[in-house]
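Shown below: data_13.tsv, with TSV, C-alpha atoms.
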chain	number	residue	atom	x	y	z
A	1	MET	CA	193.17	77.08	152.85
A	2	ALA	CA	192.14	80.62	152.09
A	3	PHE	CA	188.86	81.05	150.29
A	4	GLY	CA	188.36	84.65	149.25
A	5	VAL	CA	186.57	86.59	146.54
A	6	GLU	CA	189.11	85.50	143.91
A	7	GLN	CA	188.65	81.80	144.76
A	8	ALA	CA	184.86	82.22	144.77
A	9	LYS	CA	184.97	83.82	141.33
A	10	ARG	CA	187.21	81.03	140.07
A	11	TRP	CA	184.81	78.44	141.54
A	12	MET	CA	181.88	79.97	139.63
A	13	SER	CA	183.92	80.20	136.45
A	14	ILE	CA	184.95	76.51	136.65
A	15	ILE	CA	181.37	75.41	137.44
A	16	ASN	CA	180.30	77.30	134.34
A	17	ASP	CA	183.01	75.63	132.20
A	18	ASN	CA	182.03	72.20	133.55
A	19	ILE	CA	178.36	72.81	132.89
A	20	GLN	CA	178.85	74.22	129.38
A	21	GLN	CA	180.94	71.12	128.58
A	22	GLN	CA	178.43	68.73	130.10
A	23	LYS	CA	175.32	70.55	128.86
A	24	GLU	CA	174.30	67.80	126.46
A	25	HIS	CA	174.99	65.10	129.03
A	26	LEU	CA	172.87	66.82	131.70
A	27	THR	CA	170.09	67.28	129.18
A	28	GLU	CA	170.22	63.59	128.22
A	29	LEU	CA	170.00	62.57	131.87
A	30	ASP	CA	167.00	64.85	132.33
A	31	GLN	CA	165.32	63.67	129.14
A	32	ALA	CA	165.40	60.13	130.51
A	33	ILE	CA	163.54	60.85	133.75
A	34	GLY	CA	162.58	64.53	133.86
A	35	ASP	CA	161.53	67.31	131.53
A	36	GLY	CA	164.79	67.53	129.63
A	37	ASP	CA	165.76	71.11	130.36
A	38	HIS	CA	168.40	70.73	133.08
A	39	GLY	CA	171.46	71.15	130.84
A	40	LEU	CA	170.11	74.19	129.05
A	41	ASN	CA	168.79	75.83	132.21
A	42	MET	CA	172.02	75.37	134.14
A	43	ALA	CA	174.14	76.48	131.19
A	44	ARG	CA	172.09	79.65	130.80
A	45	GLY	CA	172.13	80.35	134.54
A	46	PHE	CA	175.84	79.93	135.19
A	47	GLN	CA	176.78	81.80	132.01
A	48	GLU	CA	174.83	84.76	133.42
A	49	VAL	CA	176.44	84.27	136.84
A	50	VAL	CA	179.94	84.47	135.39
A	51	GLU	CA	179.09	87.56	133.33
A	52	LYS	CA	177.48	89.23	136.33
A	53	ILE	CA	180.33	88.67	138.81
A	54	ALA	CA	183.31	88.94	136.43
A	55	SER	CA	183.54	92.71	136.33
A	56	ALA	CA	182.01	93.46	139.74
A	57	ASN	CA	184.07	94.28	142.82
A	58	TYR	CA	183.02	92.56	146.01
A	59	GLU	CA	183.82	93.67	149.53
A	60	ASP	CA	182.88	90.30	150.95
A	61	LEU	CA	181.91	86.75	150.02
A	62	GLY	CA	178.35	87.33	151.16
A	63	SER	CA	177.58	89.93	148.50
A	64	LEU	CA	179.21	87.82	145.78
A	65	PHE	CA	177.13	84.76	146.60
A	66	LYS	CA	174.02	86.94	146.88
A	67	ASP	CA	174.51	87.96	143.25
A	68	VAL	CA	175.08	84.32	142.30
A	69	SER	CA	171.85	83.36	144.05
A	70	MET	CA	169.67	86.09	142.56
A	71	THR	CA	171.00	85.39	139.06
A	72	LEU	CA	170.29	81.67	139.34
A	73	ILE	CA	166.79	82.33	140.71
A	74	ALA	CA	166.06	84.71	137.84
A	75	LYS	CA	167.64	82.75	135.01
A	76	VAL	CA	167.44	79.02	135.76
A	77	GLY	CA	163.96	77.60	135.31
A	78	GLY	CA	162.72	74.30	136.64
A	79	ALA	CA	163.47	73.04	140.12
A	80	SER	CA	167.18	73.75	139.95
A	81	GLY	CA	166.68	77.54	139.93
A	82	PRO	CA	165.07	77.79	143.36
A	83	LEU	CA	167.20	74.93	144.73
A	84	TYR	CA	170.64	76.23	143.71
A	85	GLY	CA	169.41	79.78	144.25
A	86	THR	CA	168.49	78.93	147.83
A	87	ALA	CA	171.80	77.09	148.35
A	88	PHE	CA	173.87	80.13	147.37
A	89	LEU	CA	171.52	82.47	149.26
A	90	LYS	CA	172.20	80.50	152.46
A	91	MET	CA	175.94	80.58	151.72
A	92	SER	CA	175.77	84.33	151.23
A	93	LEU	CA	174.10	84.73	154.63
A	94	ALA	CA	176.67	82.45	156.29
A	95	LEU	CA	179.58	84.38	154.74
A	96	ALA	CA	178.17	87.91	155.08
A	97	GLY	CA	180.86	90.46	155.91
A	98	LYS	CA	183.70	87.97	155.39
A	99	LYS	CA	186.47	88.79	152.94
A	100	GLU	CA	187.88	85.31	153.40
A	101	ALA	CA	186.57	82.08	154.83
A	102	ASP	CA	188.71	79.56	156.68
A	103	ASP	CA	188.04	75.82	156.48
A	104	LYS	CA	185.56	75.82	159.31
A	105	GLU	CA	183.58	78.77	157.94
A	106	MET	CA	183.55	77.26	154.47
A	107	VAL	CA	182.23	73.92	155.74
A	108	ALA	CA	179.59	75.77	157.78
A	109	ALA	CA	178.52	77.78	154.72
A	110	LEU	CA	178.15	74.64	152.61
A	111	GLU	CA	176.23	73.07	155.46
A	112	ALA	CA	173.85	76.03	155.44
A	113	ALA	CA	173.47	75.55	151.68
A	114	LEU	CA	172.50	71.90	152.18
A	115	ASP	CA	169.97	72.86	154.86
A	116	GLY	CA	168.50	75.36	152.41
A	117	ILE	CA	168.25	72.75	149.63
A	118	LYS	CA	166.55	70.27	151.95
A	119	ALA	CA	164.08	72.85	153.26
A	120	ARG	CA	163.25	74.11	149.77
A	121	GLY	CA	162.91	70.71	148.11
A	122	LYS	CA	161.64	68.87	151.18
A	123	ALA	CA	163.89	65.99	150.13
A	124	ASN	CA	165.94	63.53	152.16
A	125	VAL	CA	168.66	61.00	151.36
A	126	GLY	CA	167.53	58.09	149.22
A	127	GLU	CA	164.95	59.97	147.13
A	128	LYS	CA	167.15	60.29	144.02
A	129	THR	CA	167.88	64.00	144.21
A	130	MET	CA	170.86	66.30	144.63
A	131	VAL	CA	170.57	65.65	148.38
A	132	ASP	CA	172.01	62.17	147.69
A	133	VAL	CA	175.26	63.91	146.73
A	134	TRP	CA	175.20	66.86	149.13
A	135	GLU	CA	174.34	65.00	152.35
A	136	PRO	CA	177.17	62.39	152.28
A	137	VAL	CA	179.66	65.01	151.08
A	138	MET	CA	178.75	67.30	153.96
A	139	GLU	CA	178.88	64.40	156.41
A	140	PHE	CA	182.42	63.74	155.21
A	141	LEU	CA	183.51	67.39	155.47
A	142	ARG	CA	181.86	67.76	158.87
A	143	GLU	CA	183.74	64.72	160.13
A	144	LYS	CA	187.07	65.94	158.75
A	145	GLY	CA	186.43	69.46	160.01
A	146	SER	CA	188.42	70.82	157.07
A	147	MET	CA	187.91	71.52	153.37
A	148	GLN	CA	189.25	68.31	151.89
A	149	ALA	CA	187.76	69.31	148.60
A	150	LYS	CA	189.48	66.75	146.39
A	151	GLU	CA	188.26	63.79	148.45
A	152	ALA	CA	184.84	65.45	148.70
A	153	ALA	CA	184.66	65.68	144.89
A	154	LEU	CA	185.55	61.99	144.53
A	155	LEU	CA	182.85	61.10	147.03
A	156	ALA	CA	180.39	63.33	145.17
A	157	LYS	CA	181.11	61.42	141.96
A	158	GLU	CA	180.58	58.07	143.65
A	159	LYS	CA	177.31	59.25	145.23
A	160	MET	CA	176.11	60.69	141.93
A	161	GLU	CA	176.63	57.31	140.29
A	162	HIS	CA	174.81	55.66	143.17
A	163	THR	CA	171.62	57.60	142.36
A	164	LYS	CA	171.29	55.27	139.36
A	165	GLU	CA	170.11	52.54	141.72
A	166	LEU	CA	167.52	54.68	143.46
A	167	GLU	CA	163.85	55.14	142.71
A	168	ALA	CA	162.80	58.76	142.40
A	169	LYS	CA	160.49	60.10	145.11
A	170	LYS	CA	160.66	63.79	144.26
A	171	GLY	CA	160.16	65.99	141.23
A	172	ARG	CA	159.00	65.07	137.75
A	173	ALA	CA	160.93	61.77	137.90
A	174	ALA	CA	158.71	60.55	140.74
A	175	TYR	CA	155.87	60.16	138.22
A	176	LEU	CA	157.94	57.39	136.61
A	177	GLY	CA	158.17	55.34	139.82
A	178	SER	CA	160.34	52.25	139.39
A	179	ARG	CA	161.10	53.20	135.76
A	180	SER	CA	163.37	55.91	137.13
A	181	VAL	CA	165.80	53.22	138.33
A	182	GLY	CA	168.83	52.79	136.08
A	183	HIS	CA	169.30	56.50	135.39
A	184	ILE	CA	171.54	58.99	137.15
A	185	ASP	CA	169.64	61.90	138.68
A	186	PRO	CA	170.45	65.08	136.72
A	187	GLY	CA	170.48	67.26	139.85
A	188	SER	CA	173.00	64.96	141.48
A	189	ALA	CA	175.13	65.19	138.32
A	190	SER	CA	175.21	69.00	138.37
A	191	SER	CA	175.90	68.89	142.11
A	192	TYR	CA	178.93	66.69	141.42
A	193	LEU	CA	180.15	69.28	138.88
A	194	LEU	CA	179.79	71.94	141.57
A	195	PHE	CA	181.97	70.02	144.06
A	196	ALA	CA	184.49	69.06	141.36
A	197	ALA	CA	184.78	72.75	140.46
A	198	LEU	CA	185.30	73.69	144.10
A	199	ALA	CA	188.18	71.22	144.39
A	200	GLU	CA	189.77	72.63	141.25
A	201	ALA	CA	189.29	76.23	142.38
A	202	LEU	CA	190.98	75.53	145.70
A	203	GLU	CA	193.87	73.72	144.08
A	204	GLY	CA	195.10	76.59	141.92
B	1	MET	CA	139.80	95.20	148.52
B	2	LYS	CA	136.56	93.46	149.38
B	3	TYR	CA	137.59	90.09	148.11
B	4	VAL	CA	140.42	87.63	148.56
B	5	SER	CA	142.65	87.76	145.45
B	6	LEU	CA	144.04	84.89	143.44
B	7	VAL	CA	147.48	84.23	141.98
B	8	LEU	CA	147.66	81.46	139.39
B	9	ILE	CA	151.04	79.87	138.62
B	10	SER	CA	151.75	77.47	135.78
B	11	HIS	CA	154.74	76.23	133.81
B	12	SER	CA	152.78	77.38	130.77
B	13	GLU	CA	151.75	80.98	130.21
B	14	GLU	CA	148.82	79.84	128.08
B	15	ILE	CA	147.42	77.63	130.83
B	16	VAL	CA	147.09	80.46	133.34
B	17	ASN	CA	146.00	83.07	130.80
B	18	GLY	CA	143.24	80.73	129.65
B	19	LEU	CA	142.30	79.86	133.19
B	20	LYS	CA	142.07	83.52	134.13
B	21	LYS	CA	139.67	84.12	131.22
B	22	LEU	CA	137.53	81.21	132.36
B	23	LEU	CA	137.40	82.54	135.93
B	24	ASN	CA	136.69	86.12	134.89
B	25	GLN	CA	133.63	84.85	133.08
B	26	VAL	CA	132.36	83.21	136.27
B	27	GLN	CA	133.44	85.90	138.70
B	28	PRO	CA	134.63	89.23	137.30
B	29	ASP	CA	134.95	91.01	140.67
B	30	VAL	CA	137.82	88.98	142.11
B	31	SER	CA	141.35	90.20	141.32
B	32	ILE	CA	143.39	87.54	139.58
B	33	ALA	CA	147.09	87.76	138.70
B	34	VAL	CA	148.98	85.17	136.68
B	35	ALA	CA	152.59	84.02	136.58
B	36	GLY	CA	153.05	81.60	133.72
B	37	GLY	CA	156.21	80.35	132.05
B	38	ASN	CA	159.78	81.54	132.36
B	39	ASP	CA	161.01	84.10	129.82
B	40	GLY	CA	158.52	82.89	127.26
B	41	GLU	CA	159.50	79.27	127.79
B	42	ILE	CA	158.05	76.45	129.86
B	43	GLY	CA	158.92	76.93	133.53
B	44	THR	CA	158.17	79.17	136.47
B	45	ASN	CA	159.99	82.25	137.70
B	46	THR	CA	160.30	83.47	141.28
B	47	PHE	CA	160.42	87.15	140.39
B	48	ARG	CA	157.36	86.96	138.16
B	49	ILE	CA	155.46	85.21	140.93
B	50	LYS	CA	156.56	87.89	143.38
B	51	GLU	CA	155.30	90.64	141.06
B	52	ALA	CA	152.01	88.81	140.54
B	53	ILE	CA	151.44	88.57	144.31
B	54	GLU	CA	152.29	92.26	144.80
B	55	SER	CA	149.94	93.31	142.02
B	56	VAL	CA	146.85	91.87	143.77
B	57	TYR	CA	147.94	92.00	147.41
B	58	SER	CA	145.44	93.25	149.98
B	59	GLU	CA	144.84	92.75	153.68
B	60	LYS	CA	141.88	90.55	152.76
B	61	GLY	CA	144.42	88.01	151.56
B	62	VAL	CA	145.91	86.25	148.54
B	63	VAL	CA	145.48	82.59	147.60
B	64	ILE	CA	148.14	81.03	145.38
B	65	LEU	CA	147.36	78.03	143.18
B	66	PHE	CA	150.02	76.22	141.11
B	67	ASP	CA	150.39	73.31	138.70
B	68	LEU	CA	153.51	71.17	139.19
B	69	GLY	CA	156.25	70.67	141.81
B	70	SER	CA	158.88	73.27	141.05
B	71	ALA	CA	156.20	75.98	140.87
B	72	LEU	CA	155.74	75.43	144.61
B	73	MET	CA	159.44	76.00	145.30
B	74	ASN	CA	159.41	79.23	143.31
B	75	ALA	CA	156.21	80.35	145.03
B	76	GLU	CA	157.71	79.75	148.48
B	77	LEU	CA	160.87	81.58	147.50
B	78	ALA	CA	158.82	84.50	146.13
B	79	ILE	CA	156.90	84.77	149.41
B	80	GLU	CA	160.16	84.79	151.39
B	81	MET	CA	161.29	87.78	149.34
B	82	LEU	CA	158.18	89.80	150.20
B	83	GLU	CA	157.90	92.06	153.22
B	84	LYS	CA	154.31	91.31	154.16
B	85	THR	CA	153.62	87.60	154.09
B	86	ASP	CA	150.99	86.83	156.72
B	87	ARG	CA	147.99	87.24	154.39
B	88	ILE	CA	149.34	84.96	151.66
B	89	ALA	CA	148.43	81.27	151.48
B	90	ILE	CA	149.45	78.53	149.07
B	91	ALA	CA	146.57	76.15	148.38
B	92	ASP	CA	147.18	72.42	148.02
B	93	ALA	CA	144.67	71.95	145.23
B	94	PRO	CA	144.44	70.98	141.56
B	95	LEU	CA	144.94	74.16	139.54
B	96	VAL	CA	141.82	74.34	137.39
B	97	GLU	CA	139.17	72.99	139.77
B	98	GLY	CA	140.83	74.63	142.77
B	99	ALA	CA	140.99	78.04	141.11
B	100	TYR	CA	137.37	77.77	140.01
B	101	ILE	CA	136.19	77.09	143.55
B	102	ALA	CA	138.51	79.77	144.93
B	103	ALA	CA	137.10	82.39	142.54
B	104	VAL	CA	133.52	81.51	143.45
B	105	GLU	CA	134.18	81.50	147.21
B	106	ALA	CA	136.26	84.68	147.09
B	107	GLY	CA	133.45	86.36	145.16
B	108	LEU	CA	131.07	85.53	148.02
B	109	GLY	CA	133.28	87.62	150.29
B	110	LYS	CA	134.71	84.66	152.20
B	111	SER	CA	137.83	84.98	154.36
B	112	LEU	CA	141.28	83.81	153.29
B	113	ASP	CA	141.07	80.66	155.44
B	114	GLU	CA	137.62	79.84	154.09
B	115	VAL	CA	138.69	80.23	150.48
B	116	VAL	CA	141.78	78.05	151.01
B	117	ARG	CA	139.77	75.35	152.77
B	118	ALA	CA	137.10	75.36	150.08
B	119	CYS	CA	139.47	75.09	147.15
B	120	GLU	CA	141.48	72.34	148.83
B	121	GLN	CA	138.24	70.34	148.87
B	122	ALA	CA	138.66	70.13	145.10
B	123	LYS	CA	141.10	67.25	145.69
B	124	GLN	CA	138.19	65.09	146.87
B	125	MET	CA	135.77	66.16	144.19
B	126	VAL	CA	134.29	63.32	142.17
B	127	LYS	CA	134.22	64.28	138.50
B	128	VAL	CA	132.92	61.04	137.03
B	129	GLU	CA	130.34	59.01	138.93
B	130	ARG	CA	130.98	55.30	138.57
This structure in structure tokens:
Amino acid sequence: MAFGVEQAKRWMSIINDNIQQQKEHLTELDQAIGDGDHGLNMARGFQEVVEKIASANYEDLGSLFKDVSMTLIAKVGGASGPLYGTAFLKMSLALAGKKEADDKEMVAALEAALDGIKARGKANVGEKTMVDVWEPVMEFLREKGSMQAKEAALLAKEKMEHTKELEAKKGRAAYLGSRSVGHIDPGSASSYLLFAALAEALEG
Amino acid sequence: MKYVSLVLISHSEEIVNGLKKLLNQVQPDVSIAVAGGNDGEIGTNTFRIKEAIESVYSEKGVVILFDLGSALMNAELAIEMLEKTDRIAIADAPLVEGAYIAAVEAGLGKSLDEVVRACEQAKQMVKVER
């Protein structure tokens, strides 16, 4: 697998397509247990990301993901702005100076992103957050030692659906307590879209 | 600056603008910056918080008070983007009561640690005697 600037741009473009398509769905999920702005925020943020990186030339993956990060931090409100912003900031640091990432470097960069998300949100597995998708997916990729993105995306989908059974311990949904059970966590849903987009970007 | 400064963060611009007015009435000498809302909508914004901190920063220190969860994440991220960060503290306190106490204490010339400790006491404050 070769993951270079072109693949990274394609990844962002597919995430954006996925999110624009699922905007209403993400909003509905967030209306059920949060403040109802996840779809709109993510759609606005990734639209800006795509516009920002489309015409720019990047010497390395680090500078591309830095732009992604800063755009998300500036444009996405709510918790997902700082969380996804931190994730891509950590990826940009892990991939600084690299024109291309091999499997190992890509897994390490995603690992750094997960560490960033956990540090920023102070969340762990089982608390009905995006960590419930990211952590098992990274465990899987770590074990395989290669970017098996398709399998990772399938696992992400399964783990997203599993958040339905969990009680929220973090964010606005935590105020609902046991009433949060029965709903998919919106952050886990957008995280699934991110991994699904990565699989698609690597396929082409 | 003689006094510790305050930065007030809320998902709503009106909340922090109103709170600032309230505090200015009590203590006009303390510098207070606000970061409310995100592009005119409900939310918080890292870059606005960063600017607010910079606008009142002094070696005496800056206390940050915020309303709900994601404001904390944006505040932490804003601090990470700043060069000087050792005189900035985030208070674990209710926004209105905490900011009120912080303004009063800061106006008495208290140190950063003292102001933070005092406003965090607001969590234990009894408002209705029963």
Sorted by chain and rising residue number, which residues of chain A lie within 6 Å of chain B, and what are their closest atom pairs and distances in Å to one decimal, counting only C-alpha atoms, as a tab-separated table?
residue	atom	partner	partner_atom	distance
A:Gly77	CA	B:Gly43	CA	5.4
A:Gly78	CA	B:Gly43	CA	5.6
A:Ala79	CA	B:Ser70	CA	4.7
A:Pro82	CA	B:Asn74	CA	5.8
### Task
Could you please determine the separation between CA of Ser190 in chain A and CA of Gly97 in chain A in Å, to one decimal place?
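Distance between the two atoms: 28.3 Å.
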### Task
Go through B:Ala102, B:Lys110, B:Ser55, B:Glu97 and flag the residue nearest Val126 in chain B, using all atoms listed in the file for the distances.
B:Glu97
### Message
As an exercise, work out the distance from CA of Leu19 in chain B to CA of Glu51 in chain B in Å and give it to one decimal place.
### Response
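Interatomic distance here is 18.6 Å.
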### Query
Neighbours of Lys60 in chain B within 12 Å (all atoms listed in the file; same-chain residues fewer than 3 positions away dropped), as a VMD selection string?
chain B and resid 1 to 6 30 to 31 56 to 57 63 86 to 89 106 109 to 115
#### Entry: CA of Leu26 in chain A to CA of Leu40 in chain A, distance in Å rounded to a single decimal
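Result for CA of Leu26 in chain A versus CA of Leu40 in chain A: 8.3 Å, one decimal.
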### Message
Report as an MDAnalysis selection string all protein, DNA and RNA residues lying within 12 Å of Ala56 in chain A, evaluated on all atoms listed in the file, omitting residues in the same chain fewer than 5 positions from it.
### Response
chainID A and resid 5:6 9 49:51 63:64 67:68
### Task
Name the residues in contact with Met160 in chain A at a cut-off of 10 Å, using all atoms listed in the file, excluding same-chain residues fewer than 3 positions from it; report them as a ChimeraX atom specification.
/A:128-134,154-157,163-164,184-193
Put those residues in a file: C-alpha atoms, as a PDB file, keeping the file's coordinate frame.
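Okay, this is what ended up in result_8.pdb:
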ATOM      1  CA  LYS A 128     167.150  60.290 144.020  1.00  0.00           C
ATOM      2  CA  THR A 129     167.880  64.000 144.210  1.00  0.00           C
ATOM      3  CA  MET A 130     170.860  66.300 144.630  1.00  0.00           C
ATOM      4  CA  VAL A 131     170.570  65.650 148.380  1.00  0.00           C
ATOM      5  CA  ASP A 132     172.010  62.170 147.690  1.00  0.00           C
ATOM      6  CA  VAL A 133     175.260  63.910 146.730  1.00  0.00           C
ATOM      7  CA  TRP A 134     175.200  66.860 149.130  1.00  0.00           C
ATOM      8  CA  LEU A 154     185.550  61.990 144.530  1.00  0.00           C
ATOM      9  CA  LEU A 155     182.850  61.100 147.030  1.00  0.00           C
ATOM     10  CA  ALA A 156     180.390  63.330 145.170  1.00  0.00           C
ATOM     11  CA  LYS A 157     181.110  61.420 141.960  1.00  0.00           C
ATOM     12  CA  THR A 163     171.620  57.600 142.360  1.00  0.00           C
ATOM     13  CA  LYS A 164     171.290  55.270 139.360  1.00  0.00           C
ATOM     14  CA  ILE A 184     171.540  58.990 137.150  1.00  0.00           C
ATOM     15  CA  ASP A 185     169.640  61.900 138.680  1.00  0.00           C
ATOM     16  CA  PRO A 186     170.450  65.080 136.720  1.00  0.00           C
ATOM     17  CA  GLY A 187     170.480  67.260 139.850  1.00  0.00           C
ATOM     18  CA  SER A 188     173.000  64.960 141.480  1.00  0.00           C
ATOM     19  CA  ALA A 189     175.130  65.190 138.320  1.00  0.00           C
ATOM     20  CA  SER A 190     175.210  69.000 138.370  1.00  0.00           C
ATOM     21  CA  SER A 191     175.900  68.890 142.110  1.00  0.00           C
ATOM     22  CA  TYR A 192     178.930  66.690 141.420  1.00  0.00           C
ATOM     23  CA  LEU A 193     180.150  69.280 138.880  1.00  0.00           C
TER      24      LEU A 193
END
### Message
Can you pull out the residues contacting Lys118 in chain A? Cut-off 9 Å, using all atoms listed in the file, and skip same-chain residues under 5 positions away; I want them as a VMD selection string.
### Response
chain A and resid 83 113 123 to 124 131
Fill-in result for range 64-92 of chain A, N, CA and C atoms as an mmCIF file, in the frame of the given file:
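Heads up, here's the output in out_11.cif:
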data_model
loop_
_atom_site.group_PDB
_atom_site.id
_atom_site.type_symbol
_atom_site.label_atom_id
_atom_site.label_comp_id
_atom_site.auth_asym_id
_atom_site.auth_seq_id
_atom_site.Cartn_x
_atom_site.Cartn_y
_atom_site.Cartn_z
ATOM 1 N N LEU A 64 178.957 88.573 147.020
ATOM 2 C CA LEU A 64 179.210 87.820 145.780
ATOM 3 C C LEU A 64 178.198 86.686 145.628
ATOM 4 N N PHE A 65 178.044 85.899 146.696
ATOM 5 C CA PHE A 65 177.130 84.760 146.600
ATOM 6 C C PHE A 65 175.658 85.203 146.508
ATOM 7 N N LYS A 66 175.370 86.393 147.033
ATOM 8 C CA LYS A 66 174.020 86.940 146.880
ATOM 9 C C LYS A 66 173.714 87.181 145.402
ATOM 10 N N ASP A 67 174.675 87.741 144.697
ATOM 11 C CA ASP A 67 174.510 87.960 143.250
ATOM 12 C C ASP A 67 174.366 86.634 142.508
ATOM 13 N N VAL A 68 175.169 85.652 142.918
ATOM 14 C CA VAL A 68 175.080 84.320 142.300
ATOM 15 C C VAL A 68 173.661 83.787 142.491
ATOM 16 N N SER A 69 173.173 83.876 143.708
ATOM 17 C CA SER A 69 171.850 83.360 144.050
ATOM 18 C C SER A 69 170.747 84.024 143.242
ATOM 19 N N MET A 70 170.743 85.356 143.242
ATOM 20 C CA MET A 70 169.670 86.090 142.560
ATOM 21 C C MET A 70 169.701 85.815 141.051
ATOM 22 N N THR A 71 170.887 85.681 140.498
ATOM 23 C CA THR A 71 171.000 85.390 139.060
ATOM 24 C C THR A 71 170.448 84.003 138.751
ATOM 25 N N LEU A 72 170.785 83.031 139.581
ATOM 26 C CA LEU A 72 170.290 81.670 139.340
ATOM 27 C C LEU A 72 168.757 81.620 139.486
ATOM 28 N N ILE A 73 168.240 82.325 140.505
ATOM 29 C CA ILE A 73 166.790 82.330 140.710
ATOM 30 C C ILE A 73 166.088 82.968 139.504
ATOM 31 N N ALA A 74 166.690 84.018 138.967
ATOM 32 C CA ALA A 74 166.060 84.710 137.840
ATOM 33 C C ALA A 74 166.206 83.945 136.531
ATOM 34 N N LYS A 75 167.328 83.270 136.338
ATOM 35 C CA LYS A 75 167.640 82.750 135.010
ATOM 36 C C LYS A 75 167.476 81.239 134.822
ATOM 37 N N VAL A 76 167.578 80.475 135.909
ATOM 38 C CA VAL A 76 167.440 79.020 135.760
ATOM 39 C C VAL A 76 165.986 78.642 136.030
ATOM 40 N N GLY A 77 165.338 78.036 135.075
ATOM 41 C CA GLY A 77 163.960 77.600 135.310
ATOM 42 C C GLY A 77 163.957 76.277 136.050
ATOM 43 N N GLY A 78 162.825 75.626 136.038
ATOM 44 C CA GLY A 78 162.720 74.300 136.640
ATOM 45 C C GLY A 78 162.973 74.316 138.129
ATOM 46 N N ALA A 79 163.249 73.150 138.680
ATOM 47 C CA ALA A 79 163.470 73.040 140.120
ATOM 48 C C ALA A 79 164.860 73.520 140.502
ATOM 49 N N SER A 80 165.807 73.428 139.575
ATOM 50 C CA SER A 80 167.180 73.750 139.950
ATOM 51 C C SER A 80 167.388 75.233 140.223
ATOM 52 N N GLY A 81 166.569 76.104 139.644
ATOM 53 C CA GLY A 81 166.680 77.540 139.930
ATOM 54 C C GLY A 81 166.472 77.844 141.400
ATOM 55 N N PRO A 82 165.279 77.519 141.930
ATOM 56 C CA PRO A 82 165.070 77.790 143.360
ATOM 57 C C PRO A 82 165.975 76.963 144.273
ATOM 58 N N LEU A 83 166.357 75.761 143.858
ATOM 59 C CA LEU A 83 167.200 74.930 144.730
ATOM 60 C C LEU A 83 168.631 75.480 144.818
ATOM 61 N N TYR A 84 169.286 75.665 143.669
ATOM 62 C CA TYR A 84 170.640 76.230 143.710
ATOM 63 C C TYR A 84 170.604 77.682 144.176
ATOM 64 N N GLY A 85 169.545 78.401 143.803
ATOM 65 C CA GLY A 85 169.410 79.780 144.250
ATOM 66 C C GLY A 85 169.353 79.865 145.768
ATOM 67 N N THR A 86 168.584 78.969 146.368
ATOM 68 C CA THR A 86 168.490 78.930 147.830
ATOM 69 C C THR A 86 169.829 78.515 148.448
ATOM 70 N N ALA A 87 170.502 77.541 147.834
ATOM 71 C CA ALA A 87 171.800 77.090 148.350
ATOM 72 C C ALA A 87 172.786 78.253 148.445
ATOM 73 N N PHE A 88 172.902 79.017 147.360
ATOM 74 C CA PHE A 88 173.870 80.130 147.370
ATOM 75 C C PHE A 88 173.377 81.301 148.233
ATOM 76 N N LEU A 89 172.054 81.442 148.373
ATOM 77 C CA LEU A 89 171.520 82.470 149.260
ATOM 78 C C LEU A 89 171.925 82.167 150.710
ATOM 79 N N LYS A 90 171.817 80.893 151.099
ATOM 80 C CA LYS A 90 172.200 80.500 152.460
ATOM 81 C C LYS A 90 173.708 80.672 152.661
ATOM 82 N N MET A 91 174.489 80.358 151.622
ATOM 83 C CA MET A 91 175.940 80.580 151.720
ATOM 84 C C MET A 91 176.244 82.054 151.885
ATOM 85 N N SER A 92 175.502 82.896 151.153
ATOM 86 C CA SER A 92 175.770 84.330 151.230
ATOM 87 C C SER A 92 175.463 84.859 152.627
#
